[in-house]
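Participant: Okay, here's the structure, questions in a sec.
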Amino acid sequence: MKKYLGLLLGGCLLAGCSMADFNGSRTGNDSQFLMEYTIFNTTDSQLLELKKGDKIHGEIEKKAGKLAVTIQQEGKEPILESRDMPSGSLNIEIEEDGAYRITVTGEKAKGSVSFTKE
């Protein structure tokens, strides 16, 4: 009976650990979106206020899992859309004033993302 209770308790603890959505830090405002995480199994987004000629500089460090990234203005085609973003950096020049939403979705992801207005 004790063995059975131990297995049941162990299974509950393992199930609880695998259900975590996010473990890390996040900072966001109208000019930056920064995240560093050891667990990322959810979606998060940030609105950046940008003017024509501004640039979005991105740095992605993917240590594990999948990371989807989309950048777009409400009701318009995305200016960036990736279902499995690789590690690296990117620069996107803004062609129209407005609010741009950066959406990041992780699936068993570990690493960091940084998007800043330049």
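By convention here, the chains of the structure tokens are called A, B, ... in the order presented, each chain's residues are numbered starting at 1, and ligands are numbered starting at 1 in the order presented.
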If you run DSSP on the backbone here, which positions in chain A get strand (DSSP E or B)? Please write them as a VMD selection string.
Facilitator: chain A and resid 22 to 29 32 to 40 43 to 50 55 to 73 80 to 82 88 to 93 98 to 117
Participant: If we count only C-alpha atoms, what is near segment 106-117 of chain A at a cut-off of 6 Å, once residues fewer than 2 positions away on the same chain are taken out, given as JSON, numbers by chain?
Facilitator: {"A": [31, 32, 33, 34, 35, 36, 37, 38, 39, 40, 41, 42, 55, 56, 57, 58, 59, 60, 61, 62, 63, 64, 65, 66, 67]}
Participant: Can you pull out the residues contacting Leu48 of chain A? Cut-off 6 Å, using only C-alpha atoms, and skip same-chain residues under 4 positions away; I want them as a list in words.
Facilitator: Asp30, Ser31, Ala99 and Tyr100 of chain A
Participant: Rank nothing, just name the residue among A:Glu96, A:Thr105, A:Glu118, A:Glu77 nearest to Asp21 of chain A, using only C-alpha atoms.
Facilitator: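 Closest residue, counting only C-alpha atoms: A:Thr105.
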Participant: Out of A:Ala68, A:Leu47, A:Ala20, A:Ile79, which residue has the shortest atom-to-atom distance to Asn91 of chain A when counting only C-alpha atoms?
Facilitator: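 With only C-alpha atoms as the atom set, the closest residue is A:Ile79.
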Participant: Could you check which of A:Gln72, A:Ser89, A:Ser82, A:Asn23 is closest to Glu49 of chain A, using only C-alpha atoms?
Facilitator: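 The answer is A:Gln72, which sits nearest to Glu49 of chain A.
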Participant: Just checking: using only C-alpha atoms, which residue out of A:Gly88, A:Gly53, A:Gly24, A:Gly98 ends up closest to Lys76 of chain A?
Facilitator: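 Smallest separation from Lys76 of chain A among the options: A:Gly98.
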Participant: As an exercise, work out the distance from atom CA of Asp97 of chain A to atom CA of Ser25 of chain A in Å and give it to one decimal place.
Facilitator: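 Separation of atom CA of Asp97 of chain A and atom CA of Ser25 of chain A: 29.1 Å.
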Participant: When you look at Gln46 of chain A with a cut-off of 8 Å (counting only C-alpha atoms), what residues show up, excluding the ones that are within fewer than 6 positions of it in the same chain? I need them as a PDB file with N, CA, C and O atoms, in the first residue's frame.
Facilitator:
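What ended up in result03.pdb:
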ATOM      1  N   GLY A  28       8.096  44.814 -20.555  1.00  0.00           N
ATOM      2  CA  GLY A  28       7.506  45.330 -21.782  1.00  0.00           C
ATOM      3  C   GLY A  28       6.943  46.727 -21.592  1.00  0.00           C
ATOM      4  O   GLY A  28       6.418  47.045 -20.528  1.00  0.00           O
ATOM      5  N   ASN A  29       7.093  47.552 -22.631  1.00  0.00           N
ATOM      6  CA  ASN A  29       6.466  48.865 -22.679  1.00  0.00           C
ATOM      7  C   ASN A  29       6.303  49.243 -24.149  1.00  0.00           C
ATOM      8  O   ASN A  29       6.436  48.376 -25.007  1.00  0.00           O
ATOM      9  N   ASP A  30       6.046  50.519 -24.448  1.00  0.00           N
ATOM     10  CA  ASP A  30       5.764  50.874 -25.838  1.00  0.00           C
ATOM     11  C   ASP A  30       6.996  50.926 -26.733  1.00  0.00           C
ATOM     12  O   ASP A  30       6.886  51.188 -27.924  1.00  0.00           O
ATOM     13  N   PHE A  33      10.234  44.809 -25.658  1.00  0.00           N
ATOM     14  CA  PHE A  33       9.612  43.563 -25.192  1.00  0.00           C
ATOM     15  C   PHE A  33      10.746  42.579 -24.950  1.00  0.00           C
ATOM     16  O   PHE A  33      11.408  42.136 -25.889  1.00  0.00           O
ATOM     17  N   ARG A 101       1.970  44.915 -32.776  1.00  0.00           N
ATOM     18  CA  ARG A 101       1.926  43.881 -31.738  1.00  0.00           C
ATOM     19  C   ARG A 101       2.939  42.794 -32.065  1.00  0.00           C
ATOM     20  O   ARG A 101       2.943  42.223 -33.157  1.00  0.00           O
ATOM     21  N   ILE A 102       3.804  42.540 -31.089  1.00  0.00           N
ATOM     22  CA  ILE A 102       4.753  41.425 -31.180  1.00  0.00           C
ATOM     23  C   ILE A 102       4.173  40.304 -30.332  1.00  0.00           C
ATOM     24  O   ILE A 102       3.934  40.478 -29.137  1.00  0.00           O
ATOM     25  N   THR A 103       3.918  39.158 -30.962  1.00  0.00           N
ATOM     26  CA  THR A 103       3.344  38.000 -30.273  1.00  0.00           C
ATOM     27  C   THR A 103       4.340  36.852 -30.336  1.00  0.00           C
ATOM     28  O   THR A 103       4.857  36.525 -31.405  1.00  0.00           O
TER      29      THR A 103
END
